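upload-v7.tsv, holding TSV, C-alpha atoms:
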chain	number	residue	atom	x	y	z
Q	9	MET	CA	134.34	136.45	155.80
Q	10	GLY	CA	135.19	138.03	159.16
Q	11	ALA	CA	137.97	140.48	159.86
Q	12	PHE	CA	141.13	139.56	161.71
Q	13	ARG	CA	141.89	141.04	165.12
Q	14	THR	CA	145.47	142.08	165.60
Q	15	LEU	CA	147.66	143.38	168.40
Q	16	VAL	CA	151.20	144.68	168.23
Q	17	VAL	CA	153.54	142.57	170.35
Q	18	ALA	CA	156.69	144.25	171.73
Q	19	GLY	CA	156.01	147.23	169.47
Q	20	VAL	CA	157.03	145.34	166.33
Q	21	LEU	CA	155.36	142.01	165.69
Q	22	VAL	CA	151.71	142.05	164.63
Q	23	VAL	CA	149.86	138.88	165.58
Q	24	ALA	CA	146.53	137.86	164.06
Q	25	VAL	CA	144.32	135.74	166.27
Q	26	GLY	CA	141.48	134.03	164.47
Q	27	SER	CA	138.77	135.22	162.18
Q	28	VAL	CA	135.87	136.88	163.92
Q	29	ALA	CA	132.43	137.53	162.60
Q	30	GLY	CA	131.51	140.06	165.31
Q	31	PRO	CA	128.63	140.13	167.76
Q	32	ALA	CA	125.95	140.75	165.15
Q	33	ALA	CA	126.84	137.64	163.17
Q	34	ALA	CA	126.95	135.50	166.29
Q	35	GLY	CA	123.75	136.92	167.78
Q	36	PRO	CA	120.32	135.37	168.10
Q	37	ALA	CA	117.88	134.73	165.30
Q	38	ILE	CA	115.80	137.74	164.25
Q	39	GLY	CA	113.11	138.37	166.81
Q	40	GLY	CA	114.87	136.29	169.51
Q	41	PRO	CA	116.15	137.64	172.80
Q	42	SER	CA	119.56	139.33	172.74
Q	43	PRO	CA	122.23	137.53	174.75
Q	44	LYS	CA	123.52	139.66	177.62
Q	45	ALA	CA	126.68	139.76	179.68
Q	46	LYS	CA	125.86	139.70	183.40
Q	47	VAL	CA	127.41	142.05	185.99
Q	48	ASP	CA	126.93	141.43	189.71
Q	49	VAL	CA	128.75	142.46	192.93
Q	50	ILE	CA	128.56	140.04	195.87
Q	51	GLY	CA	130.70	140.57	198.96
Q	52	GLY	CA	133.09	142.90	197.14
Q	53	ARG	CA	133.58	140.50	194.21
Q	54	LEU	CA	132.53	141.88	190.82
Q	55	ALA	CA	131.50	138.95	188.61
Q	56	VAL	CA	131.28	139.77	184.90
Q	57	THR	CA	130.01	136.81	182.88
Q	58	ALA	CA	129.96	137.14	179.10
Q	59	ALA	CA	127.01	135.95	177.03
Q	60	ASN	CA	127.24	132.48	175.46
Q	61	GLY	CA	127.48	132.24	171.69
Q	62	VAL	CA	128.67	135.83	171.24
Q	63	ASN	CA	132.04	137.35	170.33
Q	64	ASP	CA	132.24	139.69	173.32
Q	65	ASP	CA	134.31	142.86	173.68
Q	66	ILE	CA	134.49	143.82	177.36
Q	67	VAL	CA	136.58	146.63	178.87
Q	68	LEU	CA	136.89	147.14	182.64
Q	69	THR	CA	138.01	150.59	183.88
Q	70	SER	CA	138.62	151.99	187.37
Q	71	VAL	CA	136.47	155.08	187.92
Q	72	GLY	CA	136.99	155.70	191.63
Q	73	ASP	CA	137.68	154.03	194.94
Q	74	GLY	CA	136.28	150.50	194.54
Q	75	ALA	CA	134.25	151.50	191.47
Q	76	VAL	CA	134.59	149.79	188.08
Q	77	LEU	CA	132.99	150.76	184.77
Q	78	VAL	CA	132.02	147.73	182.66
Q	79	ASP	CA	131.76	148.50	178.94
Q	80	ALA	CA	130.54	145.68	176.67
Q	81	THR	CA	129.59	145.32	173.01
Q	82	GLY	CA	126.08	144.15	173.79
Q	83	LEU	CA	123.40	144.65	176.38
Q	84	LEU	CA	124.20	144.08	180.05
Q	85	ASP	CA	122.13	142.21	182.60
Q	86	VAL	CA	122.81	144.57	185.53
Q	87	ARG	CA	122.37	143.08	189.00
Q	88	ARG	CA	123.42	143.82	192.61
Q	89	GLY	CA	125.96	146.56	193.28
Q	90	CYS	CA	125.87	147.92	189.72
Q	91	THR	CA	124.05	150.82	188.11
Q	92	PRO	CA	123.22	150.80	184.38
Q	93	ASP	CA	124.29	153.77	182.31
Q	94	ALA	CA	121.30	156.04	181.68
Q	95	ILE	CA	122.11	156.41	177.98
Q	96	ASP	CA	124.11	153.34	176.93
Q	97	PRO	CA	122.67	149.89	177.91
Q	98	SER	CA	126.06	148.27	177.21
Q	99	ARG	CA	127.67	150.13	180.15
Q	100	ALA	CA	127.32	149.89	183.92
Q	101	THR	CA	129.20	151.21	186.94
Q	102	CYS	CA	129.72	148.79	189.83
Q	103	THR	CA	130.71	149.92	193.33
Q	104	GLY	CA	132.10	148.30	196.46
Q	105	VAL	CA	134.48	146.21	194.33
Q	106	ARG	CA	137.60	144.63	195.91
Q	107	ILE	CA	138.29	141.90	193.30
Q	108	VAL	CA	137.13	141.35	189.70
Q	109	ASP	CA	136.29	138.02	188.02
Q	110	LEU	CA	135.66	138.10	184.26
Q	111	ASP	CA	134.46	134.93	182.53
Q	112	LEU	CA	134.50	135.33	178.73
Q	113	ARG	CA	132.95	131.90	178.07
Q	114	ASP	CA	132.90	130.83	174.40
Q	115	GLY	CA	133.46	132.90	171.26
Q	116	ASP	CA	136.35	134.90	169.84
Q	117	ASP	CA	136.45	137.55	172.56
Q	118	TYR	CA	138.39	140.70	173.42
Q	119	ALA	CA	138.85	141.76	177.05
Q	120	GLU	CA	140.86	144.60	178.50
Q	121	SER	CA	141.40	145.57	182.12
Q	122	ARG	CA	142.22	149.17	182.96
Q	123	VAL	CA	141.53	148.42	186.61
Q	124	VAL	CA	143.99	149.95	189.08
Q	125	ASP	CA	144.65	148.62	192.61
Q	126	LEU	CA	142.37	145.59	192.34
Q	127	THR	CA	143.15	141.97	191.55
Q	128	VAL	CA	141.58	140.94	188.25
Q	129	GLN	CA	140.99	137.30	187.28
Q	130	ILE	CA	140.07	136.60	183.65
Q	131	ALA	CA	139.04	133.22	182.23
Q	132	ALA	CA	139.23	133.45	178.43
Q	133	GLY	CA	137.16	130.32	177.72
Q	134	ALA	CA	136.90	128.57	174.37
Q	135	GLY	CA	137.70	130.56	171.23
Q	136	ASN	CA	140.52	132.65	169.81
Q	137	ASP	CA	140.67	135.43	172.38
Q	138	ILE	CA	142.68	138.60	172.96
Q	139	VAL	CA	143.09	139.48	176.65
Q	140	VAL	CA	144.91	142.56	177.94
Q	141	GLY	CA	145.54	142.60	181.68
Q	142	GLY	CA	145.78	145.74	183.79
Q	143	PRO	CA	148.47	147.45	185.84
Q	144	SER	CA	147.67	145.55	189.07
Q	145	HIS	CA	147.84	141.85	189.91
Q	146	ASP	CA	146.18	139.75	187.21
Q	147	ARG	CA	145.49	136.05	186.88
Q	148	ILE	CA	144.60	135.19	183.29
Q	149	THR	CA	143.66	131.72	182.08
Q	150	GLY	CA	143.34	130.96	178.38
Q	151	GLY	CA	140.97	128.31	177.14
Q	152	ARG	CA	140.58	126.11	174.10
Q	153	GLY	CA	141.74	127.97	171.01
Q	154	SER	CA	144.65	130.23	170.12
Q	155	ASP	CA	144.83	133.17	172.51
Q	156	LEU	CA	146.91	136.35	172.72
Q	157	ILE	CA	147.42	137.43	176.33
Q	158	LYS	CA	149.20	140.66	177.30
Q	159	THR	CA	150.06	141.81	180.83
Q	160	TYR	CA	151.88	144.92	182.03
Q	161	GLY	CA	152.38	147.11	185.09
Q	162	ASP	CA	153.95	146.73	188.51
Q	163	GLY	CA	151.69	143.92	189.70
Q	164	PHE	CA	152.73	140.27	189.62
Q	165	ASP	CA	150.72	138.55	186.89
Q	166	LEU	CA	150.08	134.85	186.38
Q	167	VAL	CA	149.26	133.70	182.83
Q	168	ASP	CA	148.18	130.13	182.04
Q	169	CYS	CA	147.64	129.98	178.29
Q	170	GLY	CA	145.98	126.54	178.30
Q	171	SER	CA	146.99	123.26	176.77
Q	172	ASP	CA	145.73	123.56	173.21
Q	173	GLY	CA	146.02	126.09	170.41
Q	174	GLN	CA	148.93	128.35	169.51
Q	175	ASP	CA	148.98	130.81	172.40
Q	176	VAL	CA	151.11	133.95	172.67
Q	177	ALA	CA	151.84	135.79	175.93
Q	178	GLN	CA	153.41	139.25	176.14
Q	179	THR	CA	154.39	139.91	179.76
Q	180	ASP	CA	156.72	141.78	182.08
Q	181	ALA	CA	159.88	139.84	182.93
Q	182	GLY	CA	158.70	139.20	186.52
Q	183	ASP	CA	155.38	137.64	185.54
Q	184	LYS	CA	154.82	133.86	185.49
Q	185	THR	CA	153.63	132.09	182.35
Q	186	MET	CA	152.56	128.48	181.82
Q	187	GLN	CA	151.65	126.44	178.72
Q	188	CYS	CA	152.27	129.31	176.27
Q	189	GLU	CA	153.76	128.43	172.87
Q	190	LEU	CA	155.45	131.86	172.58
Q	191	VAL	CA	156.37	134.28	175.37
Q	192	ALA	CA	157.69	137.79	174.70
Q	193	HIS	CA	158.84	139.88	177.66
Q	194	LEU	CA	158.32	143.63	177.63
Q	195	PRO	CA	161.41	145.76	178.33
Q	196	VAL	CA	161.65	147.12	181.86
For the structure just supplied, provide its representation as structure tokens.
Amino acid sequence: MGAFRTLVVAGVLVVAVGSVAGPAAAGPAIGGPSPKAKVDVIGGRLAVTAANGVNDDIVLTSVGDGAVLVDATGLLDVRRGCTPDAIDPSRATCTGVRIVDLDLRDGDDYAESRVVDLTVQIAAGAGNDIVVGGPSHDRITGGRGSDLIKTYGDGFDLVDCGSDGQDVAQTDAGDKTMQCELVAHLPV
């Protein structure tokens, strides 16, 4: 049986979102190719696309002017505008980035944005996902399943939890939420 992922909401309430088996349990058959998340920069847009059939953990971090470090649980398919880490094949640094699009696809995923001064758009996809937005402007869309979505920072964030599941959003008071079963606002 898989472990439960939890996140503290408003410093008090602990919310469990689905049972997850982890990337190894959701991976390919022995001897098959490993699914990879794809990273690609085209015209200043960093597209991060999670692997299908995997419970992805992806963290995006600002590491300089227009540079974003992508850190994933599995291997990365590194394309234009990105350089793979010399030691860790699950990490890559992408440059020339003005906007970030993260597509988690299916699976019970975790995504966190530590990206400063860039707009980040995250599509959670199907599954029971945990998504943590960054300090800048975020647009986060839940998918099928019960999602936990947290936003913070000075940027205006837009959260659309999706029309099914039992979704929880933890946001700043000025952020906009839609279709969330429970919304908790962070103190200012």
Using 12 Å as the limit and counting all atoms listed in the file, can you tabulate each residue of region 88-118 of chain Q that touches region 123-134 of chain Q, with its shortest atom-to-atom distance in Å and the two atoms involved, as a Markdown table?
| residue | atom | partner | partner_atom | distance |
| --- | --- | --- | --- | --- |
| Q:Gly104 | CA | Q:Leu126 | CA | 11.4 |
| Q:Val105 | CA | Q:Leu126 | CA | 8.2 |
| Q:Arg106 | CA | Q:Leu126 | CA | 6.0 |
| Q:Ile107 | CA | Q:Thr127 | CA | 5.2 |
| Q:Val108 | CA | Q:Val128 | CA | 4.7 |
| Q:Asp109 | CA | Q:Gln129 | CA | 4.8 |
| Q:Leu110 | CA | Q:Ile130 | CA | 4.7 |
| Q:Asp111 | CA | Q:Ala131 | CA | 4.9 |
| Q:Leu112 | CA | Q:Ala132 | CA | 5.1 |
| Q:Arg113 | CA | Q:Gly133 | CA | 4.5 |
| Q:Asp114 | CA | Q:Ala134 | CA | 4.6 |
| Q:Gly115 | CA | Q:Ala134 | CA | 6.3 |
| Q:Asp116 | CA | Q:Ala134 | CA | 7.8 |
| Q:Asp117 | CA | Q:Ala132 | CA | 7.7 |
| Q:Tyr118 | CA | Q:Ala132 | CA | 8.9 |
Query - Two-atom distance - CA of Arg53 (chain Q), CA of Asp137 (chain Q) (Å) - result: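 Between CA of Arg53 (chain Q) and CA of Asp137 (chain Q) the gap works out to 23.5 Å.
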Requested in this report: Using CA of Arg147 (chain Q) and CA of Ala55 (chain Q) as the two end points, give the distance in Å to one decimal.
Outcome: 14.4 Å
Query - Minimum-distance residue to Thr159 (chain Q), chosen among Q:Val176, Q:Asp183, Q:Asn136, Q:Val56 (using all atoms listed in the file) - result: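 Nearest candidate to Thr159 (chain Q) out of Q:Val176, Q:Asp183, Q:Asn136, Q:Val56: Q:Asp183.
Atom to atom, CA of Gly74 (chain Q) and CA of Pro97 (chain Q) stand 21.5 Å apart.
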Query raised in the report: Using only C-alpha atoms, which of the listed residues (Q:Asp175, Q:Asp146, Q:Asp96, Q:Asp165) sits closest to Arg122 (chain Q)?
Result: Q:Asp146
Query - Ref. answer, residues at most 6 Å from (148.9, 137.1, 175.8) with all atoms listed in the file, as a PyMOL selection string - result: chain Q and resi 156-158+176-178
Put those residues in a file: C-alpha atoms, as a JSON list (two decimals), in the coordinates of the input.
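Generated output (out.json):
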[["chain", "number", "residue", "atom", "x", "y", "z"],
["Q", 156, "LEU", "CA", 146.91, 136.35, 172.72],
["Q", 157, "ILE", "CA", 147.42, 137.43, 176.33],
["Q", 158, "LYS", "CA", 149.20, 140.66, 177.30],
["Q", 176, "VAL", "CA", 151.11, 133.95, 172.67],
["Q", 177, "ALA", "CA", 151.84, 135.79, 175.93],
["Q", 178, "GLN", "CA", 153.41, 139.25, 176.14]]
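Taking all atoms listed in the file into account, Gly142 (chain Q) lies nearest to Q:Ser70 out of the set Q:Arg99, Q:Met186, Q:Ser70, Q:Asp79.
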Report task. Extract, using all atoms listed in the file, all DNA, RNA and protein residues at most 9 Å from Gly161 (chain Q), discarding same-chain residues fewer than 6 positions from it, and format them as number ranges by chain. Result -> Q: 141-145, 180
Report task. Skip Cys90 (chain Q) itself and residues of its chain fewer than 3 positions away, then list as an MDAnalysis selection string all residues within 8 Å of it, counting only C-alpha atoms. Result -> chainID Q and resid 47:49 86:87 100:103
Requested in this report: Identify the residues around (131.2, 145.4, 173.0) within a radius of 10 Å, measuring from only C-alpha atoms in the coordinates stated by the file, and give them as a list of chain:residue names.
Outcome: Q:Gly30, Q:Pro31, Q:Ala45, Q:Asn63, Q:Asp64, Q:Asp65, Q:Ile66, Q:Val67, Q:Val78, Q:Asp79, Q:Ala80, Q:Thr81, Q:Gly82, Q:Leu83, Q:Ser98, Q:Arg99, Q:Asp117, Q:Tyr118, Q:Ala119
Requested in this report: List the neighbours of Lys44 (chain Q) out to 6 Å using only C-alpha atoms; skip same-chain residues closer than 5 positions along the sequence, and give me the result as number ranges by chain.
Outcome: Q: 59, 83-85
Query - Residue with smallest distance to Asp168 (chain Q) - pool Q:Pro195, Q:Gly89, Q:Gly151, Q:Gly72, counting all atoms listed in the file - result: Q:Gly151
**Report entry** Which of Q:His193, Q:Arg88, Q:Lys46, Q:Arg152 sits closest to Thr179 (chain Q) [using all atoms listed in the file]
**Finding:**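 That would be Q:His193, the residue with the smallest distance to Thr179 (chain Q).
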Report summary line: Closest of Q:Ala94, Q:Glu120, Q:Gly135, Q:Gly150 to Asn60 (chain Q), counting only C-alpha atoms, is Q:Gly135
All heavy atoms restored at region 125-136 of chain Q, emitted as a tab-separated table (two decimals), in the frame of the given file:
chain	number	residue	atom	x	y	z
Q	125	ASP	N	144.71	148.96	191.19
Q	125	ASP	CA	144.65	148.62	192.61
Q	125	ASP	C	143.65	147.52	192.98
Q	125	ASP	O	143.23	147.45	194.13
Q	125	ASP	CB	144.39	149.86	193.46
Q	125	ASP	CG	145.50	150.88	193.34
Q	125	ASP	OD1	146.65	150.46	193.14
Q	125	ASP	OD2	145.23	152.08	193.43
Q	126	LEU	N	143.23	146.72	192.05
Q	126	LEU	CA	142.37	145.59	192.34
Q	126	LEU	C	142.91	144.36	191.61
Q	126	LEU	O	143.43	144.48	190.50
Q	126	LEU	CB	140.93	145.83	191.86
Q	126	LEU	CG	140.14	146.95	192.50
Q	126	LEU	CD1	138.83	147.15	191.76
Q	126	LEU	CD2	139.88	146.67	193.96
Q	127	THR	N	142.78	143.21	192.23
Q	127	THR	CA	143.15	141.97	191.55
Q	127	THR	C	142.07	141.63	190.52
Q	127	THR	O	140.88	141.72	190.82
Q	127	THR	CB	143.29	140.82	192.56
Q	127	THR	OG1	144.36	141.14	193.45
Q	127	THR	CG2	143.59	139.50	191.87
Q	128	VAL	N	142.51	141.29	189.32
Q	128	VAL	CA	141.58	140.94	188.25
Q	128	VAL	C	141.89	139.51	187.80
Q	128	VAL	O	143.04	139.18	187.51
Q	128	VAL	CB	141.70	141.91	187.05
Q	128	VAL	CG1	140.78	141.49	185.92
Q	128	VAL	CG2	141.39	143.33	187.50
Q	129	GLN	N	140.86	138.67	187.76
Q	129	GLN	CA	140.99	137.30	187.28
Q	129	GLN	C	140.15	137.18	186.01
Q	129	GLN	O	138.97	137.51	186.02
Q	129	GLN	CB	140.50	136.31	188.33
Q	129	GLN	CG	141.29	136.43	189.62
Q	129	GLN	CD	140.78	135.53	190.71
Q	129	GLN	OE1	141.52	134.70	191.19
Q	129	GLN	NE2	139.53	135.66	191.10
Q	130	ILE	N	140.77	136.72	184.93
Q	130	ILE	CA	140.07	136.60	183.65
Q	130	ILE	C	140.21	135.18	183.15
Q	130	ILE	O	141.32	134.65	183.02
Q	130	ILE	CB	140.65	137.58	182.60
Q	130	ILE	CG1	140.53	139.03	183.10
Q	130	ILE	CG2	139.93	137.41	181.26
Q	130	ILE	CD1	141.22	140.05	182.21
Q	131	ALA	N	139.08	134.54	182.86
Q	131	ALA	CA	139.04	133.22	182.23
Q	131	ALA	C	138.61	133.43	180.78
Q	131	ALA	O	137.48	133.85	180.52
Q	131	ALA	CB	138.07	132.30	182.96
Q	132	ALA	N	139.52	133.16	179.84
Q	132	ALA	CA	139.23	133.45	178.43
Q	132	ALA	C	138.20	132.50	177.84
Q	132	ALA	O	137.45	132.89	176.96
Q	132	ALA	CB	140.52	133.40	177.61
Q	133	GLY	N	138.13	131.27	178.28
Q	133	GLY	CA	137.16	130.32	177.72
Q	133	GLY	C	137.54	129.88	176.32
Q	133	GLY	O	138.60	130.20	175.80
Q	134	ALA	N	136.65	129.10	175.70
Q	134	ALA	CA	136.90	128.57	174.37
Q	134	ALA	C	136.85	129.68	173.32
Q	134	ALA	O	136.05	130.60	173.43
Q	134	ALA	CB	135.88	127.49	174.04
Q	135	GLY	N	137.67	129.58	172.31
Q	135	GLY	CA	137.70	130.56	171.23
Q	135	GLY	C	139.08	131.18	171.11
Q	135	GLY	O	139.97	130.95	171.93
Q	136	ASN	N	139.26	131.95	170.07
Q	136	ASN	CA	140.52	132.65	169.81
Q	136	ASN	C	140.38	134.05	170.41
Q	136	ASN	O	139.82	134.94	169.78
Q	136	ASN	CB	140.81	132.71	168.32
Q	136	ASN	CG	140.93	131.31	167.73
Q	136	ASN	OD1	141.43	130.40	168.37
Q	136	ASN	ND2	140.45	131.14	166.52
